[in-house]
>>> print(open('entry.cif').read())   # mmCIF, N, CA and C atoms
data_final
#
loop_
_atom_site.label_atom_id
_atom_site.label_comp_id
_atom_site.auth_asym_id
_atom_site.auth_seq_id
_atom_site.Cartn_x
_atom_site.Cartn_y
_atom_site.Cartn_z
N MET A 1 0.82 -1.20 0.00
CA MET A 1 0.00 0.00 0.00
C MET A 1 0.87 1.27 0.00
N LYS A 2 1.94 1.23 0.81
CA LYS A 2 2.84 2.38 0.89
C LYS A 2 3.52 2.62 -0.46
N LYS A 3 3.86 1.53 -1.17
CA LYS A 3 4.50 1.63 -2.48
C LYS A 3 3.56 2.30 -3.51
N ILE A 4 2.27 1.96 -3.43
CA ILE A 4 1.28 2.54 -4.35
C ILE A 4 1.14 4.04 -4.07
N LEU A 5 1.08 4.43 -2.81
CA LEU A 5 0.96 5.85 -2.46
C LEU A 5 2.18 6.63 -2.92
N VAL A 6 3.36 6.07 -2.77
CA VAL A 6 4.59 6.73 -3.24
C VAL A 6 4.54 6.89 -4.75
N SER A 7 4.09 5.85 -5.47
CA SER A 7 3.99 5.92 -6.94
C SER A 7 3.00 6.99 -7.36
N ILE A 8 1.85 7.06 -6.70
CA ILE A 8 0.84 8.07 -7.03
C ILE A 8 1.39 9.46 -6.74
N SER A 9 2.11 9.61 -5.63
CA SER A 9 2.70 10.91 -5.30
C SER A 9 3.71 11.35 -6.35
N VAL A 10 4.53 10.43 -6.82
CA VAL A 10 5.52 10.75 -7.84
C VAL A 10 4.83 11.19 -9.13
N VAL A 11 3.76 10.48 -9.52
CA VAL A 11 3.02 10.84 -10.73
C VAL A 11 2.41 12.22 -10.59
N LEU A 12 1.82 12.52 -9.43
CA LEU A 12 1.23 13.84 -9.21
C LEU A 12 2.26 14.95 -9.26
N VAL A 13 3.41 14.71 -8.66
CA VAL A 13 4.49 15.70 -8.70
C VAL A 13 4.95 15.93 -10.13
N LEU A 14 5.11 14.87 -10.90
CA LEU A 14 5.52 15.02 -12.30
C LEU A 14 4.48 15.78 -13.10
N LEU A 15 3.20 15.50 -12.88
CA LEU A 15 2.15 16.24 -13.59
C LEU A 15 2.16 17.71 -13.21
N LEU A 16 2.33 18.00 -11.93
CA LEU A 16 2.40 19.40 -11.50
C LEU A 16 3.60 20.11 -12.10
N CYS A 17 4.74 19.42 -12.17
CA CYS A 17 5.94 20.02 -12.78
C CYS A 17 5.71 20.29 -14.26
N GLU A 18 5.06 19.36 -14.96
CA GLU A 18 4.79 19.55 -16.39
C GLU A 18 3.87 20.74 -16.60
N THR A 19 2.81 20.84 -15.80
CA THR A 19 1.89 21.96 -15.92
C THR A 19 2.58 23.27 -15.56
N GLY A 20 3.41 23.24 -14.52
CA GLY A 20 4.12 24.45 -14.10
C GLY A 20 5.14 24.90 -15.12
N ALA A 21 5.73 23.97 -15.86
CA ALA A 21 6.74 24.31 -16.86
C ALA A 21 6.10 25.04 -18.04
N ARG A 22 4.87 24.69 -18.35
CA ARG A 22 4.17 25.40 -19.42
C ARG A 22 3.70 26.74 -18.87
N ARG A 23 3.53 27.69 -19.76
CA ARG A 23 3.09 29.00 -19.29
C ARG A 23 2.05 29.56 -20.25
N TRP A 24 1.35 30.52 -19.75
CA TRP A 24 0.38 31.22 -20.59
C TRP A 24 1.16 32.11 -21.56
N ASP A 25 0.76 32.08 -22.82
CA ASP A 25 1.28 33.02 -23.81
C ASP A 25 0.23 34.09 -24.01
N TYR A 26 0.63 35.22 -24.55
CA TYR A 26 -0.36 36.26 -24.78
C TYR A 26 -0.02 37.07 -26.03
N ILE A 27 -1.06 37.70 -26.54
CA ILE A 27 -0.95 38.64 -27.66
C ILE A 27 -1.76 39.86 -27.27
N SER A 28 -1.20 41.04 -27.47
CA SER A 28 -1.93 42.28 -27.25
C SER A 28 -1.81 43.13 -28.50
N THR A 29 -2.88 43.83 -28.81
CA THR A 29 -2.86 44.74 -29.96
C THR A 29 -3.59 46.01 -29.57
N GLY A 30 -3.10 47.14 -30.06
CA GLY A 30 -3.70 48.42 -29.73
C GLY A 30 -3.04 49.04 -28.52
N GLN A 31 -3.77 49.97 -27.90
CA GLN A 31 -3.22 50.70 -26.76
C GLN A 31 -4.35 51.07 -25.81
N ARG A 32 -4.10 50.87 -24.50
CA ARG A 32 -5.07 51.33 -23.49
C ARG A 32 -5.05 52.86 -23.48
N ASN A 33 -6.21 53.46 -23.24
CA ASN A 33 -6.35 54.91 -23.24
C ASN A 33 -7.06 55.37 -21.97
N PRO A 34 -6.75 56.58 -21.49
CA PRO A 34 -7.46 57.07 -20.31
C PRO A 34 -8.97 57.11 -20.58
N GLY A 35 -9.74 56.58 -19.65
CA GLY A 35 -11.19 56.60 -19.78
C GLY A 35 -11.78 55.43 -20.53
N ASP A 36 -10.93 54.54 -21.09
CA ASP A 36 -11.50 53.40 -21.81
C ASP A 36 -12.13 52.42 -20.81
N ALA A 37 -12.92 51.49 -21.32
CA ALA A 37 -13.64 50.55 -20.47
C ALA A 37 -13.51 49.14 -21.04
N LEU A 38 -13.72 48.16 -20.19
CA LEU A 38 -13.77 46.78 -20.65
C LEU A 38 -15.10 46.60 -21.38
N LEU A 39 -15.02 46.39 -22.68
CA LEU A 39 -16.23 46.23 -23.49
C LEU A 39 -16.72 44.78 -23.51
N GLY A 40 -15.78 43.85 -23.34
CA GLY A 40 -16.19 42.45 -23.37
C GLY A 40 -15.08 41.50 -22.95
N PHE A 41 -15.51 40.31 -22.52
CA PHE A 41 -14.61 39.23 -22.13
C PHE A 41 -15.14 37.96 -22.78
N ILE A 42 -14.28 37.27 -23.48
CA ILE A 42 -14.67 36.04 -24.18
C ILE A 42 -13.68 34.95 -23.80
N ARG A 43 -14.19 33.76 -23.53
CA ARG A 43 -13.35 32.61 -23.21
C ARG A 43 -13.69 31.51 -24.19
N GLY A 44 -12.66 30.81 -24.65
CA GLY A 44 -12.86 29.68 -25.56
C GLY A 44 -11.91 28.56 -25.21
N ALA A 45 -12.32 27.34 -25.54
CA ALA A 45 -11.46 26.18 -25.29
C ALA A 45 -11.78 25.09 -26.30
N SER A 46 -10.77 24.33 -26.63
CA SER A 46 -10.97 23.18 -27.50
C SER A 46 -11.31 21.98 -26.62
N ASN A 47 -11.74 20.91 -27.24
CA ASN A 47 -11.99 19.67 -26.51
C ASN A 47 -10.67 19.00 -26.19
N PHE A 48 -10.62 18.30 -25.06
CA PHE A 48 -9.42 17.54 -24.71
C PHE A 48 -9.31 16.33 -25.63
N THR A 49 -8.08 16.00 -26.00
CA THR A 49 -7.83 14.80 -26.79
C THR A 49 -6.82 13.94 -26.05
N THR A 50 -6.87 12.65 -26.29
CA THR A 50 -5.96 11.75 -25.57
C THR A 50 -4.54 11.79 -26.12
N SER A 51 -4.41 12.16 -27.38
CA SER A 51 -3.07 12.28 -27.96
C SER A 51 -2.92 13.68 -28.56
N PRO A 52 -1.71 14.19 -28.61
CA PRO A 52 -1.48 15.53 -29.17
C PRO A 52 -1.93 15.62 -30.63
N GLN A 53 -2.59 16.71 -30.96
CA GLN A 53 -3.02 16.98 -32.33
C GLN A 53 -3.24 18.48 -32.50
N VAL A 54 -3.75 18.88 -33.64
CA VAL A 54 -3.99 20.30 -33.93
C VAL A 54 -5.26 20.75 -33.23
N HIS A 55 -5.17 21.90 -32.56
CA HIS A 55 -6.33 22.51 -31.92
C HIS A 55 -6.46 23.95 -32.39
N ASP A 56 -7.69 24.37 -32.67
CA ASP A 56 -7.98 25.73 -33.11
C ASP A 56 -9.11 26.31 -32.27
N ILE A 57 -9.03 27.60 -32.02
CA ILE A 57 -10.10 28.33 -31.32
C ILE A 57 -10.39 29.60 -32.11
N LEU A 58 -11.65 29.97 -32.19
CA LEU A 58 -12.05 31.25 -32.76
C LEU A 58 -12.73 32.04 -31.65
N LEU A 59 -12.13 33.17 -31.26
CA LEU A 59 -12.73 34.06 -30.28
C LEU A 59 -13.34 35.24 -31.04
N HIS A 60 -14.60 35.55 -30.76
CA HIS A 60 -15.30 36.60 -31.50
C HIS A 60 -16.02 37.52 -30.53
N PHE A 61 -15.76 38.82 -30.63
CA PHE A 61 -16.45 39.84 -29.83
C PHE A 61 -17.42 40.58 -30.74
N ASP A 62 -18.71 40.46 -30.46
CA ASP A 62 -19.73 41.19 -31.22
C ASP A 62 -19.98 42.51 -30.52
N GLY A 63 -19.45 43.56 -31.09
CA GLY A 63 -19.59 44.88 -30.48
C GLY A 63 -20.91 45.54 -30.82
N THR A 64 -21.20 46.59 -30.10
CA THR A 64 -22.37 47.42 -30.35
C THR A 64 -21.99 48.44 -31.41
N PRO A 65 -22.89 48.73 -32.36
CA PRO A 65 -22.56 49.78 -33.33
C PRO A 65 -22.15 51.07 -32.62
N GLY A 66 -21.04 51.64 -33.02
CA GLY A 66 -20.51 52.84 -32.39
C GLY A 66 -19.37 52.57 -31.43
N ASN A 67 -19.13 51.29 -31.11
CA ASN A 67 -17.97 50.95 -30.28
C ASN A 67 -16.70 51.45 -30.94
N ASN A 68 -15.75 51.86 -30.12
CA ASN A 68 -14.41 52.18 -30.61
C ASN A 68 -13.45 51.27 -29.86
N ILE A 69 -13.08 50.16 -30.46
CA ILE A 69 -12.18 49.20 -29.83
C ILE A 69 -10.75 49.72 -29.96
N THR A 70 -10.07 49.88 -28.82
CA THR A 70 -8.73 50.46 -28.84
C THR A 70 -7.64 49.49 -28.39
N PHE A 71 -8.02 48.42 -27.66
CA PHE A 71 -7.01 47.50 -27.13
C PHE A 71 -7.64 46.13 -26.92
N VAL A 72 -6.91 45.10 -27.32
CA VAL A 72 -7.35 43.72 -27.11
C VAL A 72 -6.18 42.94 -26.53
N HIS A 73 -6.46 42.18 -25.47
CA HIS A 73 -5.44 41.32 -24.85
C HIS A 73 -5.99 39.89 -24.84
N VAL A 74 -5.20 38.94 -25.37
CA VAL A 74 -5.60 37.54 -25.41
C VAL A 74 -4.53 36.70 -24.72
N SER A 75 -4.94 35.88 -23.76
CA SER A 75 -4.06 34.94 -23.08
C SER A 75 -4.41 33.53 -23.54
N MET A 76 -3.37 32.71 -23.83
CA MET A 76 -3.57 31.35 -24.33
C MET A 76 -2.78 30.36 -23.50
N PHE A 77 -3.35 29.18 -23.31
CA PHE A 77 -2.63 28.12 -22.61
C PHE A 77 -2.90 26.81 -23.34
N PRO A 78 -1.92 26.00 -23.63
CA PRO A 78 -0.55 26.13 -23.19
C PRO A 78 0.27 27.06 -24.06
N SER A 79 0.04 27.15 -25.33
CA SER A 79 0.80 28.04 -26.20
C SER A 79 0.09 28.06 -27.56
N TYR A 80 0.66 28.78 -28.51
CA TYR A 80 0.08 28.83 -29.85
C TYR A 80 1.19 28.78 -30.88
N HIS A 81 0.85 28.34 -32.07
CA HIS A 81 1.81 28.35 -33.17
C HIS A 81 1.65 29.64 -33.96
N PHE A 82 0.39 29.94 -34.33
CA PHE A 82 0.12 31.24 -34.95
C PHE A 82 -1.28 31.69 -34.61
N ALA A 83 -1.49 32.99 -34.73
CA ALA A 83 -2.81 33.58 -34.52
C ALA A 83 -3.05 34.60 -35.62
N ARG A 84 -4.30 34.72 -36.01
CA ARG A 84 -4.70 35.67 -37.06
C ARG A 84 -5.85 36.50 -36.48
N TYR A 85 -5.76 37.83 -36.65
CA TYR A 85 -6.81 38.69 -36.10
C TYR A 85 -6.99 39.94 -36.93
N LEU A 86 -8.14 40.60 -36.72
CA LEU A 86 -8.47 41.84 -37.42
C LEU A 86 -7.60 42.99 -36.91
N VAL A 87 -7.20 43.84 -37.80
CA VAL A 87 -6.54 45.08 -37.40
C VAL A 87 -7.61 45.97 -36.78
N LEU A 88 -7.30 46.58 -35.63
CA LEU A 88 -8.27 47.42 -34.93
C LEU A 88 -8.67 48.63 -35.77
N GLY A 89 -9.89 49.12 -35.55
CA GLY A 89 -10.36 50.34 -36.19
C GLY A 89 -11.16 50.12 -37.46
N GLN A 90 -11.26 48.89 -37.93
CA GLN A 90 -12.01 48.62 -39.16
C GLN A 90 -13.50 48.41 -38.89
N PHE A 91 -13.82 47.77 -37.77
CA PHE A 91 -15.19 47.39 -37.47
C PHE A 91 -15.47 47.59 -35.99
N ASP A 92 -16.75 47.46 -35.61
CA ASP A 92 -17.10 47.53 -34.20
C ASP A 92 -17.18 46.13 -33.58
N PHE A 93 -16.53 45.17 -34.22
CA PHE A 93 -16.38 43.83 -33.66
C PHE A 93 -14.92 43.42 -33.83
N PHE A 94 -14.56 42.30 -33.21
CA PHE A 94 -13.17 41.83 -33.28
C PHE A 94 -13.18 40.32 -33.20
N TYR A 95 -12.28 39.70 -33.94
CA TYR A 95 -12.12 38.25 -33.77
C TYR A 95 -10.66 37.86 -33.92
N MET A 96 -10.34 36.71 -33.31
CA MET A 96 -9.00 36.16 -33.40
C MET A 96 -9.11 34.65 -33.55
N GLU A 97 -8.36 34.12 -34.52
CA GLU A 97 -8.24 32.67 -34.71
C GLU A 97 -6.90 32.26 -34.10
N ILE A 98 -6.89 31.21 -33.29
CA ILE A 98 -5.67 30.74 -32.65
C ILE A 98 -5.45 29.28 -33.06
N HIS A 99 -4.23 28.98 -33.46
CA HIS A 99 -3.88 27.65 -33.97
C HIS A 99 -2.71 27.10 -33.15
N SER A 100 -2.88 25.86 -32.66
CA SER A 100 -1.82 25.24 -31.88
C SER A 100 -1.71 23.76 -32.23
N PRO A 101 -0.61 23.36 -32.86
CA PRO A 101 -0.43 21.94 -33.19
C PRO A 101 0.22 21.19 -32.03
N ASP A 102 0.09 19.91 -32.06
CA ASP A 102 0.82 19.04 -31.14
C ASP A 102 0.52 19.33 -29.67
N THR A 103 -0.76 19.42 -29.34
CA THR A 103 -1.18 19.61 -27.96
C THR A 103 -2.46 18.82 -27.71
N THR A 104 -2.81 18.63 -26.47
CA THR A 104 -4.03 17.87 -26.15
C THR A 104 -5.21 18.78 -25.86
N TYR A 105 -4.99 20.09 -25.77
CA TYR A 105 -6.07 21.05 -25.56
C TYR A 105 -5.53 22.46 -25.79
N LEU A 106 -6.44 23.40 -25.88
CA LEU A 106 -6.08 24.81 -26.02
C LEU A 106 -7.18 25.62 -25.38
N THR A 107 -6.81 26.57 -24.57
CA THR A 107 -7.79 27.47 -23.97
C THR A 107 -7.31 28.91 -24.13
N ALA A 108 -8.24 29.84 -24.23
CA ALA A 108 -7.87 31.24 -24.42
C ALA A 108 -8.92 32.16 -23.80
N GLU A 109 -8.45 33.33 -23.38
CA GLU A 109 -9.32 34.37 -22.83
C GLU A 109 -9.01 35.68 -23.54
N MET A 110 -10.06 36.40 -23.94
CA MET A 110 -9.88 37.66 -24.67
C MET A 110 -10.58 38.79 -23.92
N TYR A 111 -9.82 39.87 -23.69
CA TYR A 111 -10.34 41.08 -23.06
C TYR A 111 -10.34 42.19 -24.11
N VAL A 112 -11.49 42.81 -24.31
CA VAL A 112 -11.63 43.86 -25.32
C VAL A 112 -11.92 45.19 -24.62
N TYR A 113 -11.05 46.18 -24.87
CA TYR A 113 -11.19 47.50 -24.24
C TYR A 113 -11.47 48.55 -25.30
N GLY A 114 -12.09 49.63 -24.87
CA GLY A 114 -12.35 50.74 -25.77
C GLY A 114 -13.40 51.66 -25.20
N PHE A 115 -14.09 52.33 -26.11
CA PHE A 115 -15.10 53.29 -25.71
C PHE A 115 -16.45 52.86 -26.26
N PRO A 116 -17.45 52.77 -25.37
CA PRO A 116 -18.79 52.41 -25.85
C PRO A 116 -19.39 53.56 -26.64
N PRO A 117 -20.45 53.27 -27.40
CA PRO A 117 -21.09 54.36 -28.15
C PRO A 117 -21.67 55.42 -27.20
N SER A 118 -21.76 56.63 -27.68
CA SER A 118 -22.34 57.71 -26.87
C SER A 118 -23.82 57.43 -26.63
N PRO A 119 -24.30 57.63 -25.40
CA PRO A 119 -25.71 57.35 -25.11
C PRO A 119 -26.63 58.26 -25.91
N GLY A 120 -27.68 57.69 -26.42
CA GLY A 120 -28.69 58.45 -27.15
C GLY A 120 -28.35 58.76 -28.59
N VAL A 121 -27.16 58.40 -29.03
CA VAL A 121 -26.75 58.66 -30.41
C VAL A 121 -26.91 57.37 -31.20
N LYS A 122 -27.75 57.41 -32.24
CA LYS A 122 -27.95 56.22 -33.07
C LYS A 122 -26.82 56.13 -34.09
N VAL A 123 -26.16 54.98 -34.09
CA VAL A 123 -25.02 54.76 -34.97
C VAL A 123 -25.28 53.50 -35.77
N GLU A 124 -25.03 53.56 -37.06
CA GLU A 124 -25.16 52.39 -37.91
C GLU A 124 -23.91 51.52 -37.78
N PRO A 125 -24.07 50.19 -37.93
CA PRO A 125 -22.89 49.33 -37.89
C PRO A 125 -21.90 49.72 -38.98
N MET A 126 -20.61 49.55 -38.67
CA MET A 126 -19.57 49.86 -39.64
C MET A 126 -19.65 48.86 -40.79
N LYS A 127 -19.73 49.36 -42.00
CA LYS A 127 -19.80 48.50 -43.18
C LYS A 127 -18.40 48.39 -43.79
N PRO A 128 -18.02 47.17 -44.17
CA PRO A 128 -16.69 47.02 -44.78
C PRO A 128 -16.59 47.81 -46.08
N GLN A 129 -15.54 48.61 -46.19
CA GLN A 129 -15.27 49.34 -47.41
C GLN A 129 -14.34 48.55 -48.32
N HIS A 130 -13.74 47.49 -47.77
CA HIS A 130 -12.77 46.66 -48.48
C HIS A 130 -12.69 45.33 -47.76
N GLU A 131 -11.88 44.45 -48.25
CA GLU A 131 -11.64 43.19 -47.55
C GLU A 131 -11.02 43.50 -46.19
N PRO A 132 -11.45 42.82 -45.14
CA PRO A 132 -10.85 43.08 -43.83
C PRO A 132 -9.34 42.86 -43.85
N ILE A 133 -8.62 43.73 -43.15
CA ILE A 133 -7.18 43.59 -43.04
C ILE A 133 -6.89 42.73 -41.82
N LEU A 134 -6.17 41.64 -42.04
CA LEU A 134 -5.83 40.71 -40.97
C LEU A 134 -4.34 40.76 -40.69
N THR A 135 -3.99 40.49 -39.45
CA THR A 135 -2.59 40.36 -39.06
C THR A 135 -2.38 38.92 -38.61
N THR A 136 -1.27 38.34 -39.01
CA THR A 136 -0.91 37.00 -38.55
C THR A 136 0.40 37.10 -37.78
N VAL A 137 0.42 36.52 -36.57
CA VAL A 137 1.63 36.50 -35.76
C VAL A 137 2.00 35.04 -35.50
N TYR A 138 3.30 34.78 -35.53
CA TYR A 138 3.83 33.45 -35.28
C TYR A 138 4.58 33.43 -33.96
N ASN A 139 4.41 32.37 -33.22
CA ASN A 139 5.08 32.21 -31.94
C ASN A 139 6.28 31.30 -32.16
N ASP A 140 7.41 31.89 -32.47
CA ASP A 140 8.61 31.11 -32.75
C ASP A 140 9.43 31.00 -31.48
N LYS A 141 9.47 29.81 -30.92
CA LYS A 141 10.18 29.58 -29.66
C LYS A 141 11.68 29.37 -29.87
N ASN A 142 12.12 29.29 -31.12
CA ASN A 142 13.55 29.01 -31.40
C ASN A 142 14.39 30.26 -31.31
#
>>> encode(input="entry.cif", output="structure tokens")
Amino acid sequence: MKKILVSISVVLVLLLCETGARRWDYISTGQRNPGDALLGFIRGASNFTTSPQVHDILLHFDGTPGNNITFVHVSMFPSYHFARYLVLGQFDFFYMEIHSPDTTYLTAEMYVYGFPPSPGVKVEPMKPQHEPILTTVYNDKN
């Protein structure tokens, strides 16, 4: 019985060390401004898999017409290979696609900051004047 408890303890310690060795990665775009507010918080996660494989998440913030999104911060765990997102200022919404190969899960949290529409002012949704401009970032650990 004592041998089994020691084995279980060793496995738990190894799992904790593995989890502790991994860290949250993050991407931020834009700039915080005096007087801005948290417009939204979105959380996404992939399903757990028994063996490592490709995991993707799409985080989407549906803004109110008239929103002025000025800063977005996204935290990911365990890590990402690349992410693609809208350049700020094009629309009153925001989305980010996150891609991570060779993992058993992927989770992400997105915080969207900016200025809400002025009260009492009717604003039409921003219409695309062109194809949306996207930015792709790669997480090169080498």
>>> residues_around(input="entry.cif", residues="range 44-53 of chain A", least_positions_apart="6", cutoff="5 Å", atoms="all atoms listed in the file", output="ChimeraX atom specification")
/A:101-108
>>> resolve_selection(input="entry.cif", expression="the PyMOL selection byres (((chain A and resi 111-121 and name CA) around 10) and name CA)", output="MDAnalysis selection string")
chainID A and resid 28:43 61 63:75 92:94 109:110 122:124
>>> closest_residue(input="entry.cif", among="A:Asp25, A:Glu131, A:Asp140, A:Asp56", to="Phe77 in chain A", atoms="only N, CA and C atoms")
A:Asp25
>>> atom_distance(input="entry.cif", atom1="CA of Val137 in chain A", atom2="atom N of Asp62 in chain A")
21.4 Å
>>> closest_residue(input="entry.cif", among="A:Phe82, A:Gly89, A:Leu134, A:Met76", to="Ile27 in chain A", atoms="only N, CA and C atoms")
A:Met76
>>> atom_distance(input="entry.cif", atom1="atom C of Pro78 in chain A", atom2="atom C of Pro132 in chain A")
27.1 Å
>>> atom_distance(input="entry.cif", atom1="CA of His60 in chain A", atom2="CA of Tyr138 in chain A")
19.8 Å
>>> closest_residue(input="entry.cif", among="A:Val54, A:Leu86, A:Tyr80, A:Ile133", to="Ile98 in chain A", atoms="only C-alpha atoms")
A:Tyr80
>>> residues_near_point(input="entry.cif", point="(-3.4, 33.4, -32.4)", cutoff="6 Å", atoms="all atoms listed in the file", output="PyMOL selection string")
chain A and resi 82-84+96-99
